[in-house]
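The file start.json comes next; it holds JSON, C-alpha atoms and all ligand atoms.
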```
[["chain", "number", "residue", "atom", "x", "y", "z"],
["V", 1, "MET", "CA", 16.80, -14.02, 13.60],
["V", 2, "ARG", "CA", 13.31, -13.06, 12.37],
["V", 3, "ARG", "CA", 13.10, -15.25, 9.23],
["V", 4, "ASN", "CA", 9.36, -15.82, 8.83],
["V", 5, "ILE", "CA", 7.22, -12.85, 7.94],
["V", 6, "GLY", "CA", 3.46, -12.46, 8.18],
["V", 7, "LEU", "CA", 2.31, -9.90, 5.62],
["V", 8, "ILE", "CA", -0.90, -7.86, 5.90],
["V", 9, "GLY", "CA", -2.16, -6.41, 2.61],
["V", 10, "VAL", "CA", -1.08, -7.22, -0.93],
["V", 11, "GLY", "CA", -1.25, -4.01, -2.94],
["V", 12, "ALA", "CA", 1.67, -2.14, -4.49],
["V", 13, "ILE", "CA", 3.98, -2.55, -1.47],
["V", 14, "GLY", "CA", 2.85, -6.09, -0.57],
["V", 15, "ASN", "CA", 3.44, -7.24, -4.15],
["V", 16, "PHE", "CA", 6.91, -5.71, -4.15],
["V", 17, "LEU", "CA", 7.75, -7.56, -0.92],
["V", 18, "LEU", "CA", 6.40, -10.90, -2.17],
["V", 19, "LYS", "CA", 8.38, -10.67, -5.40],
["V", 20, "GLU", "CA", 11.56, -9.40, -3.78],
["V", 21, "ILE", "CA", 11.58, -11.72, -0.77],
["V", 22, "ASN", "CA", 9.92, -14.96, -1.90],
["V", 23, "ARG", "CA", 10.76, -15.07, -5.57],
["V", 24, "ASP", "CA", 14.37, -13.97, -5.30],
["V", 25, "LYS", "CA", 15.07, -15.69, -1.96],
["V", 26, "ALA", "CA", 18.18, -13.56, -1.58],
["V", 27, "HIS", "CA", 17.60, -12.03, 1.83],
["V", 28, "GLY", "CA", 17.55, -14.99, 4.27],
["V", 29, "ILE", "CA", 13.90, -14.27, 5.08],
["V", 30, "LYS", "CA", 10.56, -15.58, 3.80],
["V", 31, "ILE", "CA", 6.96, -14.41, 3.74],
["V", 32, "GLU", "CA", 5.10, -17.43, 5.17],
["V", 33, "SER", "CA", 1.61, -16.11, 5.85],
["V", 34, "VAL", "CA", -0.51, -13.42, 4.23],
["V", 35, "LEU", "CA", -3.63, -11.80, 5.76],
["V", 36, "VAL", "CA", -6.17, -10.64, 3.16],
["V", 37, "ARG", "CA", -9.82, -9.59, 3.25],
["V", 38, "ASP", "CA", -10.96, -11.57, 0.21],
["V", 39, "ARG", "CA", -9.43, -15.01, -0.16],
["V", 40, "ARG", "CA", -10.71, -15.55, -3.71],
["V", 41, "LYS", "CA", -9.14, -12.33, -5.00],
["V", 42, "TYR", "CA", -5.71, -13.40, -3.76],
["V", 43, "GLU", "CA", -5.95, -17.21, -4.24],
["V", 44, "SER", "CA", -3.19, -17.34, -6.87],
["V", 45, "LEU", "CA", -0.58, -16.00, -4.41],
["V", 46, "GLN", "CA", -0.50, -19.40, -2.69],
["V", 47, "SER", "CA", 1.03, -21.23, -5.63],
["V", 48, "GLU", "CA", 2.89, -18.24, -7.07],
["V", 49, "PHE", "CA", 4.75, -17.37, -3.85],
["V", 50, "ASN", "CA", 4.30, -20.49, -1.72],
["V", 51, "VAL", "CA", 2.45, -18.64, 1.06],
["V", 52, "THR", "CA", -0.55, -19.54, 3.22],
["V", 53, "LEU", "CA", -3.51, -17.15, 2.99],
["V", 54, "TYR", "CA", -5.55, -16.18, 6.05],
["V", 55, "THR", "CA", -8.68, -14.10, 6.45],
["V", 56, "GLU", "CA", -8.86, -14.41, 10.25],
["V", 57, "LEU", "CA", -6.41, -12.28, 12.24],
["V", 58, "ASN", "CA", -6.13, -14.72, 15.16],
["V", 59, "GLU", "CA", -5.29, -17.67, 12.90],
["V", 60, "PHE", "CA", -2.78, -15.52, 11.01],
["V", 61, "LEU", "CA", -1.07, -14.47, 14.26],
["V", 62, "CYS", "CA", -0.90, -18.10, 15.43],
["V", 63, "SER", "CA", 0.80, -19.22, 12.20],
["V", 64, "ASN", "CA", 4.54, -19.82, 11.83],
["V", 65, "ILE", "CA", 5.67, -16.18, 11.80],
["V", 66, "ASP", "CA", 8.34, -14.24, 13.70],
["V", 67, "ILE", "CA", 7.39, -10.74, 12.67],
["V", 68, "VAL", "CA", 4.33, -9.01, 11.20],
["V", 69, "VAL", "CA", 4.60, -6.50, 8.33],
["V", 70, "GLU", "CA", 1.61, -4.23, 7.65],
["V", 71, "ALA", "CA", 1.22, -2.86, 4.10],
["V", 72, "ALA", "CA", -2.54, -2.20, 4.04],
["V", 73, "ASN", "CA", -3.93, 1.14, 5.23],
["V", 74, "VAL", "CA", -4.46, 3.37, 8.26],
["V", 75, "GLU", "CA", -7.82, 1.77, 9.16],
["V", 76, "ALA", "CA", -6.31, -1.73, 9.06],
["V", 77, "VAL", "CA", -3.58, -0.64, 11.49],
["V", 78, "LYS", "CA", -6.21, 0.68, 13.90],
["V", 79, "THR", "CA", -7.97, -2.69, 13.91],
["V", 80, "ILE", "CA", -5.01, -5.04, 13.70],
["V", 81, "LEU", "CA", -2.07, -3.50, 15.57],
["V", 82, "PRO", "CA", -3.49, -3.78, 19.12],
["V", 83, "LYS", "CA", -3.85, -7.56, 18.66],
["V", 84, "ALA", "CA", -0.68, -8.06, 16.60],
["V", 85, "ILE", "CA", 1.61, -6.27, 19.03],
["V", 86, "LYS", "CA", 0.53, -8.52, 21.89],
["V", 87, "GLU", "CA", 1.87, -11.49, 19.92],
["V", 88, "LYS", "CA", 4.66, -10.29, 17.61],
["V", 89, "ASP", "CA", 7.07, -7.51, 16.76],
["V", 90, "THR", "CA", 5.32, -5.52, 14.05],
["V", 91, "ILE", "CA", 6.47, -3.25, 11.22],
["V", 92, "ILE", "CA", 3.86, -0.73, 10.09],
["V", 93, "ILE", "CA", 4.05, 1.48, 7.01],
["V", 94, "SER", "CA", 0.59, 3.12, 7.33],
["V", 95, "ILE", "CA", 2.11, 5.21, 10.10],
["V", 96, "GLY", "CA", -0.69, 7.76, 9.90],
["V", 97, "ALA", "CA", -2.63, 5.51, 12.30],
["V", 98, "LEU", "CA", -0.31, 6.70, 15.07],
["V", 99, "ALA", "CA", -1.44, 10.31, 14.64],
["V", 100, "ASP", "CA", -4.33, 9.41, 16.95],
["V", 101, "GLU", "CA", -2.84, 10.20, 20.38],
["V", 102, "TYR", "CA", -5.10, 7.82, 22.32],
["V", 103, "PHE", "CA", -4.42, 4.96, 19.88],
["V", 104, "ARG", "CA", -0.67, 5.63, 19.90],
["V", 105, "GLN", "CA", -0.46, 5.58, 23.70],
["V", 106, "HIS", "CA", -2.58, 2.40, 23.79],
["V", 107, "VAL", "CA", -0.38, 0.43, 21.37],
["V", 108, "LEU", "CA", 2.84, 1.73, 22.95],
["V", 109, "HIS", "CA", 1.53, 0.53, 26.33],
["V", 110, "LEU", "CA", 0.68, -2.90, 24.84],
["V", 111, "ALA", "CA", 4.12, -3.12, 23.18],
["V", 112, "ASN", "CA", 5.72, -2.34, 26.52],
["V", 113, "ILE", "CA", 3.82, -4.87, 28.61],
["V", 114, "HIS", "CA", 4.08, -7.62, 25.98],
["V", 115, "GLN", "CA", 7.76, -6.84, 25.29],
["V", 116, "HIS", "CA", 7.36, -6.37, 21.55],
["V", 117, "THR", "CA", 8.62, -3.65, 19.23],
["V", 118, "ILE", "CA", 6.72, -1.48, 16.76],
["V", 119, "TYR", "CA", 9.04, -0.65, 13.85],
["V", 120, "LEU", "CA", 8.34, 2.50, 11.81],
["V", 121, "PRO", "CA", 10.34, 2.50, 8.55],
["V", 122, "SER", "CA", 11.42, 5.84, 7.13],
["V", 123, "GLY", "CA", 9.18, 5.19, 4.11],
["V", 124, "ALA", "CA", 9.41, 7.65, 1.25],
["V", 125, "ILE", "CA", 11.68, 10.16, 3.03],
["V", 126, "GLY", "CA", 15.06, 10.24, 4.78],
["V", 127, "GLY", "CA", 16.89, 12.29, 7.40],
["V", 128, "LEU", "CA", 15.06, 10.73, 10.36],
["V", 129, "ASP", "CA", 18.37, 9.63, 11.92],
["V", 130, "LEU", "CA", 19.57, 13.23, 11.88],
["V", 131, "LEU", "CA", 16.27, 14.55, 13.22],
["V", 132, "GLN", "CA", 16.15, 12.07, 16.11],
["V", 133, "ASN", "CA", 19.74, 12.90, 17.10],
["V", 134, "ALA", "CA", 19.09, 16.62, 16.85],
["V", 135, "GLN", "CA", 15.99, 16.24, 19.07],
["V", 136, "THR", "CA", 17.70, 14.12, 21.77],
["V", 137, "LEU", "CA", 17.92, 17.19, 24.01],
["V", 138, "GLY", "CA", 14.59, 18.57, 22.80],
["V", 139, "THR", "CA", 16.26, 21.45, 20.96],
["V", 140, "VAL", "CA", 14.75, 21.18, 17.47],
["V", 141, "LYS", "CA", 12.75, 24.36, 16.84],
["V", 142, "GLU", "CA", 11.10, 23.85, 13.44],
["V", 143, "VAL", "CA", 10.29, 20.95, 11.12],
["V", 144, "SER", "CA", 8.46, 21.36, 7.84],
["V", 145, "LEU", "CA", 7.56, 19.02, 5.00],
["V", 146, "THR", "CA", 6.61, 20.13, 1.50],
["V", 147, "THR", "CA", 5.17, 17.33, -0.60],
["V", 148, "ARG", "CA", 4.57, 17.76, -4.33],
["V", 149, "LYS", "CA", 2.87, 14.87, -6.12],
["V", 150, "PRO", "CA", 1.39, 14.32, -9.59],
["V", 151, "ALA", "CA", -2.01, 16.04, -9.56],
["V", 152, "ASN", "CA", -4.04, 12.86, -10.12],
["V", 153, "SER", "CA", -2.70, 11.36, -6.88],
["V", 154, "LEU", "CA", -4.26, 14.22, -4.91],
["V", 155, "VAL", "CA", -7.25, 15.66, -6.79],
["V", 156, "ASP", "CA", -9.98, 13.86, -8.74],
["V", 157, "HIS", "CA", -10.37, 16.45, -11.52],
["V", 158, "ALA", "CA", -7.97, 17.76, -14.16],
["V", 159, "ILE", "CA", -5.97, 20.90, -13.27],
["V", 160, "MET", "CA", -3.71, 22.96, -15.53],
["V", 161, "ASP", "CA", -1.49, 24.56, -12.87],
["V", 162, "GLU", "CA", -0.18, 23.48, -9.49],
["V", 163, "VAL", "CA", -2.57, 23.83, -6.53],
["V", 164, "VAL", "CA", -1.73, 23.89, -2.83],
["V", 165, "VAL", "CA", -4.24, 21.34, -1.54],
["V", 166, "PHE", "CA", -3.17, 21.47, 2.10],
["V", 167, "GLU", "CA", -1.26, 23.81, 4.38],
["V", 168, "GLY", "CA", -1.22, 23.23, 8.12],
["V", 169, "LYS", "CA", -0.07, 20.79, 10.76],
["V", 170, "ALA", "CA", 0.73, 17.09, 10.23],
["V", 171, "ALA", "CA", -2.12, 16.12, 12.57],
["V", 172, "ASP", "CA", -4.64, 17.54, 10.06],
["V", 173, "ALA", "CA", -2.74, 16.59, 6.88],
["V", 174, "ILE", "CA", -3.04, 12.86, 7.59],
["V", 175, "LYS", "CA", -6.79, 13.18, 8.27],
["V", 176, "GLN", "CA", -7.32, 14.70, 4.82],
["V", 177, "PHE", "CA", -4.75, 12.60, 2.90],
["V", 178, "PRO", "CA", -4.37, 9.24, 4.68],
["V", 179, "LYS", "CA", -3.00, 7.56, 1.54],
["V", 180, "ASN", "CA", -0.51, 10.27, 0.64],
["V", 181, "ILE", "CA", 1.14, 11.76, 3.70],
["V", 182, "ASN", "CA", 2.07, 9.00, 6.17],
["V", 183, "VAL", "CA", 5.59, 10.42, 5.87],
["V", 184, "SER", "CA", 4.49, 13.50, 7.82],
["V", 185, "ILE", "CA", 3.62, 11.33, 10.83],
["V", 186, "VAL", "CA", 6.89, 9.40, 10.97],
["V", 187, "LEU", "CA", 8.63, 12.79, 10.61],
["V", 188, "SER", "CA", 6.52, 14.18, 13.48],
["V", 189, "LEU", "CA", 7.22, 11.21, 15.73],
["V", 190, "ALA", "CA", 10.97, 11.47, 15.07],
["V", 191, "GLY", "CA", 10.93, 15.20, 15.73],
["V", 192, "ILE", "CA", 8.66, 17.76, 17.37],
["V", 193, "GLY", "CA", 5.23, 16.12, 17.16],
["V", 194, "ILE", "CA", 2.13, 16.15, 14.97],
["V", 195, "ASP", "CA", 0.89, 19.57, 16.11],
["V", 196, "LYS", "CA", 4.16, 21.41, 15.49],
["V", 197, "THR", "CA", 5.32, 19.74, 12.26],
["V", 198, "LYS", "CA", 4.22, 21.95, 9.33],
["V", 199, "VAL", "CA", 2.99, 20.36, 6.12],
["V", 200, "THR", "CA", 2.31, 21.76, 2.66],
["V", 201, "ILE", "CA", 0.89, 19.46, -0.04],
["V", 202, "ILE", "CA", 0.93, 20.52, -3.68],
["V", 203, "ALA", "CA", -0.90, 18.82, -6.54],
["V", 204, "ASP", "CA", 1.23, 19.43, -9.62],
["V", 205, "PRO", "CA", 0.13, 18.38, -13.13],
["V", 206, "HIS", "CA", 3.70, 18.93, -14.39],
["V", 207, "VAL", "CA", 5.58, 16.38, -12.24],
["V", 208, "ASP", "CA", 5.73, 12.61, -12.55],
["V", 209, "LYS", "CA", 7.55, 11.89, -9.28],
["V", 210, "ASN", "CA", 6.61, 12.07, -5.59],
["V", 211, "ASN", "CA", 8.73, 14.95, -4.24],
["V", 212, "HIS", "CA", 9.31, 15.53, -0.54],
["V", 213, "GLN", "CA", 11.36, 18.37, 0.95],
["V", 214, "VAL", "CA", 12.09, 18.36, 4.69],
["V", 215, "GLU", "CA", 13.48, 21.45, 6.46],
["V", 216, "ILE", "CA", 14.78, 21.19, 10.03],
["V", 217, "LYS", "CA", 16.06, 23.98, 12.30],
["V", 218, "GLY", "CA", 17.37, 23.72, 15.85],
["V", 219, "ASP", "CA", 20.30, 24.26, 18.19],
["V", 220, "PHE", "CA", 22.36, 21.81, 16.08],
["V", 221, "GLY", "CA", 22.06, 24.11, 13.04],
["V", 222, "SER", "CA", 19.81, 23.50, 10.07],
["V", 223, "ALA", "CA", 19.26, 20.71, 7.56],
["V", 224, "THR", "CA", 17.38, 20.12, 4.33],
["V", 225, "PHE", "CA", 16.45, 16.78, 2.85],
["V", 226, "SER", "CA", 14.99, 16.57, -0.61],
["V", 227, "ILE", "CA", 13.91, 13.55, -2.64],
["V", 228, "LYS", "CA", 12.31, 12.93, -6.03],
["V", 229, "ASN", "CA", 10.77, 9.48, -5.66],
["V", 230, "ASN", "CA", 9.93, 7.13, -8.49],
["V", 231, "SER", "CA", 6.57, 5.56, -7.74],
["V", 232, "LEU", "CA", 5.61, 1.89, -7.69],
["V", 233, "PRO", "CA", 3.95, 0.74, -10.92],
["V", 234, "ASP", "CA", 0.85, -0.61, -9.12],
["V", 235, "ASN", "CA", 0.13, 2.61, -7.19],
["V", 236, "PRO", "CA", 1.47, 6.01, -8.35],
["V", 237, "LYS", "CA", 0.70, 7.54, -4.91],
["V", 238, "THR", "CA", 3.25, 5.20, -3.33],
["V", 239, "SER", "CA", 6.99, 5.68, -3.74],
["V", 240, "TYR", "CA", 9.33, 2.82, -4.57],
["V", 241, "LEU", "CA", 11.57, 3.82, -1.66],
["V", 242, "ALA", "CA", 8.70, 3.30, 0.82],
["V", 243, "ALA", "CA", 8.56, -0.38, -0.16],
["V", 244, "MET", "CA", 12.35, -0.68, -0.07],
["V", 245, "SER", "CA", 12.40, 0.90, 3.41],
["V", 246, "ILE", "CA", 10.43, -2.10, 4.76],
["V", 247, "LEU", "CA", 12.96, -4.50, 3.27],
["V", 248, "GLY", "CA", 15.76, -2.33, 4.68],
["V", 249, "THR", "CA", 14.12, -2.39, 8.13],
["V", 250, "LEU", "CA", 13.86, -6.21, 8.00],
["V", 251, "LYS", "CA", 17.53, -6.51, 7.03],
["V", 252, "ARG", "CA", 18.64, -4.15, 9.80],
["V", 253, "ILE", "CA", 16.59, -6.04, 12.42],
["V", 254, "ASN", "CA", 18.46, -9.22, 11.47],
["V", 255, "GLY", "CA", 21.87, -7.57, 11.06],
["V", 256, "ASN", "CA", 24.77, -7.53, 13.53],
["V", 257, "VAL", "CA", 25.79, -3.96, 12.80],
["V", 258, "LYS", "CA", 23.42, -1.10, 13.46],
["V", 259, "ILE", "CA", 24.22, 2.06, 11.51],
["V", 260, "GLY", "CA", 22.81, 5.37, 12.71],
["P", 301, "LIG", "N1", 5.10, 5.59, 5.37],
["P", 301, "LIG", "C1", 5.29, 5.87, 4.08],
["P", 301, "LIG", "O1", 6.26, 6.53, 3.70],
["P", 301, "LIG", "C2", 4.32, 5.40, 3.08],
["P", 301, "LIG", "C3", 3.18, 4.73, 3.44],
["P", 301, "LIG", "N2", 2.32, 4.27, 2.49],
["P", 301, "LIG", "C4", 1.13, 3.56, 2.93],
["P", 301, "LIG", "O2", 1.37, 2.16, 2.82],
["P", 301, "LIG", "C5", 0.12, 1.48, 2.71],
["P", 301, "LIG", "C6", 0.19, 0.48, 1.56],
["P", 301, "LIG", "O3", 0.47, 1.17, 0.36],
["P", 301, "LIG", "P1", 0.17, 0.50, -1.06],
["P", 301, "LIG", "O4", 0.68, -0.88, -1.10],
["P", 301, "LIG", "O5", 0.60, 1.46, -2.08],
["P", 301, "LIG", "O6", -1.44, 0.48, -1.03],
["P", 301, "LIG", "P2", -2.42, -0.27, -2.02],
["P", 301, "LIG", "O7", -3.69, 0.51, -2.00],
["P", 301, "LIG", "O8", -1.76, -0.55, -3.31],
["P", 301, "LIG", "O9", -2.65, -1.68, -1.29],
["P", 301, "LIG", "C7", -3.25, -1.79, -0.03],
["P", 301, "LIG", "C8", -3.71, -3.22, 0.11],
["P", 301, "LIG", "O10", -4.12, -3.43, 1.46],
["P", 301, "LIG", "C9", -5.22, -4.32, 1.43],
["P", 301, "LIG", "N3", -5.99, -4.14, 2.66],
["P", 301, "LIG", "C10", -6.70, -3.06, 3.05],
["P", 301, "LIG", "N4", -7.25, -3.28, 4.27],
["P", 301, "LIG", "C11", -6.88, -4.53, 4.64],
["P", 301, "LIG", "C12", -7.14, -5.33, 5.78],
["P", 301, "LIG", "N5", -7.89, -4.89, 6.80],
["P", 301, "LIG", "N6", -6.61, -6.57, 5.83],
["P", 301, "LIG", "C13", -5.84, -7.04, 4.82],
["P", 301, "LIG", "N7", -5.57, -6.33, 3.70],
["P", 301, "LIG", "C14", -6.08, -5.09, 3.62],
["P", 301, "LIG", "C15", -6.02, -3.98, 0.16],
["P", 301, "LIG", "O11", -6.63, -5.17, -0.29],
["P", 301, "LIG", "P3", -8.15, -5.30, -0.75],
["P", 301, "LIG", "O12", -8.69, -3.91, -0.95],
["P", 301, "LIG", "O13", -8.05, -6.09, -2.01],
["P", 301, "LIG", "O14", -8.83, -6.05, 0.35],
["P", 301, "LIG", "C16", -4.89, -3.57, -0.80],
["P", 301, "LIG", "O15", -4.49, -4.61, -1.63],
["P", 301, "LIG", "C17", -0.94, 2.59, 2.51],
["P", 301, "LIG", "O16", -1.54, 2.88, 3.75],
["P", 301, "LIG", "C18", -0.11, 3.78, 2.07],
["P", 301, "LIG", "O17", -0.74, 5.00, 2.34],
["P", 301, "LIG", "C19", 2.58, 4.41, 1.16],
["P", 301, "LIG", "C20", 3.70, 5.08, 0.76],
["P", 301, "LIG", "C21", 4.63, 5.67, 1.68],
["P", 302, "LIG", "O1", 5.00, 7.34, -1.09],
["P", 302, "LIG", "C1", 5.06, 8.56, -0.82],
["P", 302, "LIG", "O2", 5.74, 9.36, -1.52],
["P", 302, "LIG", "C2", 4.41, 9.12, 0.39],
["P", 302, "LIG", "C3", 3.11, 8.54, 0.75],
["P", 302, "LIG", "O3", 2.34, 8.09, -0.08],
["P", 302, "LIG", "C4", 2.74, 8.55, 2.16],
["P", 302, "LIG", "O4", 3.52, 9.05, 2.98],
["P", 302, "LIG", "O5", 1.63, 8.08, 2.49]]
```
Starting from the file, give its structure as structure tokens.
Amino acid sequence: MRRNIGLIGVGAIGNFLLKEINRDKAHGIKIESVLVRDRRKYESLQSEFNVTLYTELNEFLCSNIDIVVEAANVEAVKTILPKAIKEKDTIIISIGALADEYFRQHVLHLANIHQHTIYLPSGAIGGLDLLQNAQTLGTVKEVSLTTRKPANSLVDHAIMDEVVVFEGKAADAIKQFPKNINVSIVLSLAGIGIDKTKVTIIADPHVDKNNHQVEIKGDFGSATFSIKNNSLPDNPKTSYLAAMSILGTLKRINGNVKIG
């Protein structure tokens, strides 16, 4: 049972996890340790959520934790994951970090030799169970993702009509939009890879939700997954479901029945 969590990053997702796990105490798990960059900025978390704050990664990893949860950003994953995975199983949500082939192979190698697991939650999309099953024999032919978000999440000036801000492969989408399109990388890793997964990103001044549409074609047939995500109040770029998918991953790790 992985009861004690070490959390990295307290923004929209980290705050959700602290409130949901430590305040409500309903899930049989607890966030014990929190890694931040600026202790003073986050000082109040200690009394509010009964956690210990760390600014040094090594001290954080040596604290009383069973599993690490990253909710920071792609750059943080690049720095932290190689050390974390040597010591602990680790859940990452800034999955875009794994678009870097060399980095991905490096951390997978470390996970293998240190016998730890990197968990990649489904985040703001779904259908990854279907995609992985369909690709077991390598027979998925096409995967595409169309993401439509409120314009101000994607462009820094006012627009009157929708604008396609990106069209291309997932490998390039995450380089241009590292805070908006991590979903394309988990989709790529579950399916046909970052160079074959097609991505279209639309900035739309007329929507207030984060919309993702996934289309899959292969020998199994075809499938479409579509979601209109409510966003988290602290960060409109980030969908509520992405935060819930970390909690869901933690519950499934500790559960005795594995669905899917
Ligand atoms: N896979 C998916 O489906 C999704 C993934 N995401 C990704 O999840 C991540 C978190 O999202 P969200 O909570 O909305 O982001 P926020 O921007 O709200 O919060 C990120 C937090 O991480 C902290 N942080 C950054 N670098 C470090 C570091 N090296 N060590 C410790 N803390 C750090 C920042 O703290 P400070 O600046 O104060 O130091 C900030 O509080 C993002 O990368 C986002 O793109 C989001 C939605 C969906
Ligand atoms: O939350 C979302 O809708 C998607 C997102 O930001 C990401 O994948 O980085």
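One distance worth recording is that between CA of Gly11 (chain V) and atom C11 of ligand LIG 301 (chain P), which is 9.5 Å.
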To one decimal in Å, tell me the separation between CA of Ala134 (chain V) and CA of Ile227 (chain V).
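The value is 20.4 Å.
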Check which residues fall inside 10 Å of ligand LIG 302 (chain P) when counting all atoms listed in the file, and print them as a VMD selection string.
chain V and resid 13 73 to 74 93 to 96 122 to 125 147 to 149 153 174 177 to 187 209 to 212 227 to 232 235 to 243
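Note that the spacing between CA of Ala72 (chain V) and CA of Glu32 (chain V) amounts to 17.1 Å.
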Measuring atom to atom with all atoms listed in the file, identify which of V:Gly126, V:Pro82, V:Pro205, V:Gly191 is nearest to ligand LIG 301 (chain P).
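Of V:Gly126, V:Pro82, V:Pro205, V:Gly191, the one nearest ligand LIG 301 (chain P) is V:Gly126, counting all atoms listed in the file.
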Adding 4 Å on each side of the box along x, y and z that holds all listed atoms of region 136-141 of chain V, could you give its centre and edge lengths in Å to one decimal, as AutoDock Vina command-line options?
```
--center_x 15.3 --center_y 19.2 --center_z 20.4 --size_x 13.2 --size_y 18.2 --size_z 15.2
```
In file coordinates, which residues lie within 6 Å of (16.6, 23.5, 12.8) using all atoms listed in the file, given as a VMD selection string?
chain V and resid 140 to 142 216 to 218 221 to 222
I need the residue nearest ligand LIG 301 (chain P) from this list: V:Lys78, V:His157, V:Arg252, V:Lys196. Use all atoms listed in the file for the distance.
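Comparing V:Lys78, V:His157, V:Arg252, V:Lys196 against ligand LIG 301 (chain P), the winner is V:Lys78.
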I need the residue nearest Thr249 (chain V) from this list: V:Gln105, V:Thr90, V:Thr136, V:Thr52. Use only C-alpha atoms for the distance.
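Among the listed residues, the smallest separation from Thr249 (chain V) belongs to V:Thr90.
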Measuring atom to atom with only C-alpha atoms, identify which of V:Ile8, V:Leu131, V:Ile31, V:Val36 is nearest to Val77 (chain V).
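With only C-alpha atoms as the atom set, the closest residue is V:Ile8.
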Given only C-alpha atoms and all ligand atoms as the basis, pick out the residue of V:Arg3, V:Lys41, V:His116, V:Arg104 nearest to ligand LIG 301 (chain P).
V:Lys41
Test item: residues at most 7 Å from Val165 (chain V), only C-alpha atoms, excluding those fewer than 3 positions along its chain, as a ChimeraX atom specification:
/V:201-203
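With all atoms listed in the file as the atoms that count, the minimum distance from Ile91 (chain V) to the choices V:Gly28, V:Gln115, V:Ile246, V:Asp219 is reached by V:Ile246.
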Which residues, protein or nucleic acid, reach to within 10 Å of (8.7, -15.2, 18.5) in the file's coordinates when using all atoms listed in the file, and can you give that as a VMD selection string?
chain V and resid 1 to 2 4 64 to 67 87 to 89 116
Take region 183-199 of chain V, bring it up to N, CA and C atoms, and give me the output as a PDB file, in the frame of the given file.
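Result went into out-v1.pdb, see below:
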```
ATOM      1  N   VAL V 183       4.236   9.926   5.577  1.00  0.00           N
ATOM      2  CA  VAL V 183       5.590  10.420   5.870  1.00  0.00           C
ATOM      3  C   VAL V 183       5.578  11.556   6.887  1.00  0.00           C
ATOM      4  N   SER V 184       4.521  12.356   6.883  1.00  0.00           N
ATOM      5  CA  SER V 184       4.490  13.500   7.820  1.00  0.00           C
ATOM      6  C   SER V 184       4.375  13.011   9.260  1.00  0.00           C
ATOM      7  N   ILE V 185       3.798  11.821   9.442  1.00  0.00           N
ATOM      8  CA  ILE V 185       3.620  11.330  10.830  1.00  0.00           C
ATOM      9  C   ILE V 185       4.905  10.682  11.344  1.00  0.00           C
ATOM     10  N   VAL V 186       5.606   9.948  10.488  1.00  0.00           N
ATOM     11  CA  VAL V 186       6.890   9.400  10.970  1.00  0.00           C
ATOM     12  C   VAL V 186       7.857  10.563  11.236  1.00  0.00           C
ATOM     13  N   LEU V 187       7.780  11.600  10.405  1.00  0.00           N
ATOM     14  CA  LEU V 187       8.630  12.790  10.610  1.00  0.00           C
ATOM     15  C   LEU V 187       8.271  13.459  11.950  1.00  0.00           C
ATOM     16  N   SER V 188       6.977  13.564  12.221  1.00  0.00           N
ATOM     17  CA  SER V 188       6.520  14.180  13.480  1.00  0.00           C
ATOM     18  C   SER V 188       6.979  13.379  14.693  1.00  0.00           C
ATOM     19  N   LEU V 189       6.867  12.053  14.582  1.00  0.00           N
ATOM     20  CA  LEU V 189       7.220  11.210  15.730  1.00  0.00           C
ATOM     21  C   LEU V 189       8.729  11.226  15.979  1.00  0.00           C
ATOM     22  N   ALA V 190       9.504  11.380  14.910  1.00  0.00           N
ATOM     23  CA  ALA V 190      10.970  11.470  15.070  1.00  0.00           C
ATOM     24  C   ALA V 190      11.381  12.836  15.600  1.00  0.00           C
ATOM     25  N   GLY V 191      10.525  13.835  15.423  1.00  0.00           N
ATOM     26  CA  GLY V 191      10.930  15.200  15.730  1.00  0.00           C
ATOM     27  C   GLY V 191      10.085  15.872  16.796  1.00  0.00           C
ATOM     28  N   ILE V 192       9.287  16.875  16.370  1.00  0.00           N
ATOM     29  CA  ILE V 192       8.660  17.760  17.370  1.00  0.00           C
ATOM     30  C   ILE V 192       7.144  17.556  17.495  1.00  0.00           C
ATOM     31  N   GLY V 193       6.634  16.458  16.912  1.00  0.00           N
ATOM     32  CA  GLY V 193       5.230  16.120  17.160  1.00  0.00           C
ATOM     33  C   GLY V 193       4.283  16.561  16.050  1.00  0.00           C
ATOM     34  N   ILE V 194       3.082  15.963  16.080  1.00  0.00           N
ATOM     35  CA  ILE V 194       2.130  16.150  14.970  1.00  0.00           C
ATOM     36  C   ILE V 194       1.486  17.533  14.959  1.00  0.00           C
ATOM     37  N   ASP V 195       1.508  18.237  16.085  1.00  0.00           N
ATOM     38  CA  ASP V 195       0.890  19.570  16.110  1.00  0.00           C
ATOM     39  C   ASP V 195       1.875  20.678  15.736  1.00  0.00           C
ATOM     40  N   LYS V 196       3.163  20.368  15.801  1.00  0.00           N
ATOM     41  CA  LYS V 196       4.160  21.410  15.490  1.00  0.00           C
ATOM     42  C   LYS V 196       4.782  21.217  14.119  1.00  0.00           C
ATOM     43  N   THR V 197       4.698  19.999  13.567  1.00  0.00           N
ATOM     44  CA  THR V 197       5.320  19.740  12.260  1.00  0.00           C
ATOM     45  C   THR V 197       4.427  20.334  11.169  1.00  0.00           C
ATOM     46  N   LYS V 198       5.013  21.240  10.349  1.00  0.00           N
ATOM     47  CA  LYS V 198       4.220  21.950   9.330  1.00  0.00           C
ATOM     48  C   LYS V 198       4.246  21.177   8.021  1.00  0.00           C
ATOM     49  N   VAL V 199       3.094  21.118   7.372  1.00  0.00           N
ATOM     50  CA  VAL V 199       2.990  20.360   6.120  1.00  0.00           C
ATOM     51  C   VAL V 199       2.336  21.215   5.042  1.00  0.00           C
TER      52      VAL V 199
END
```
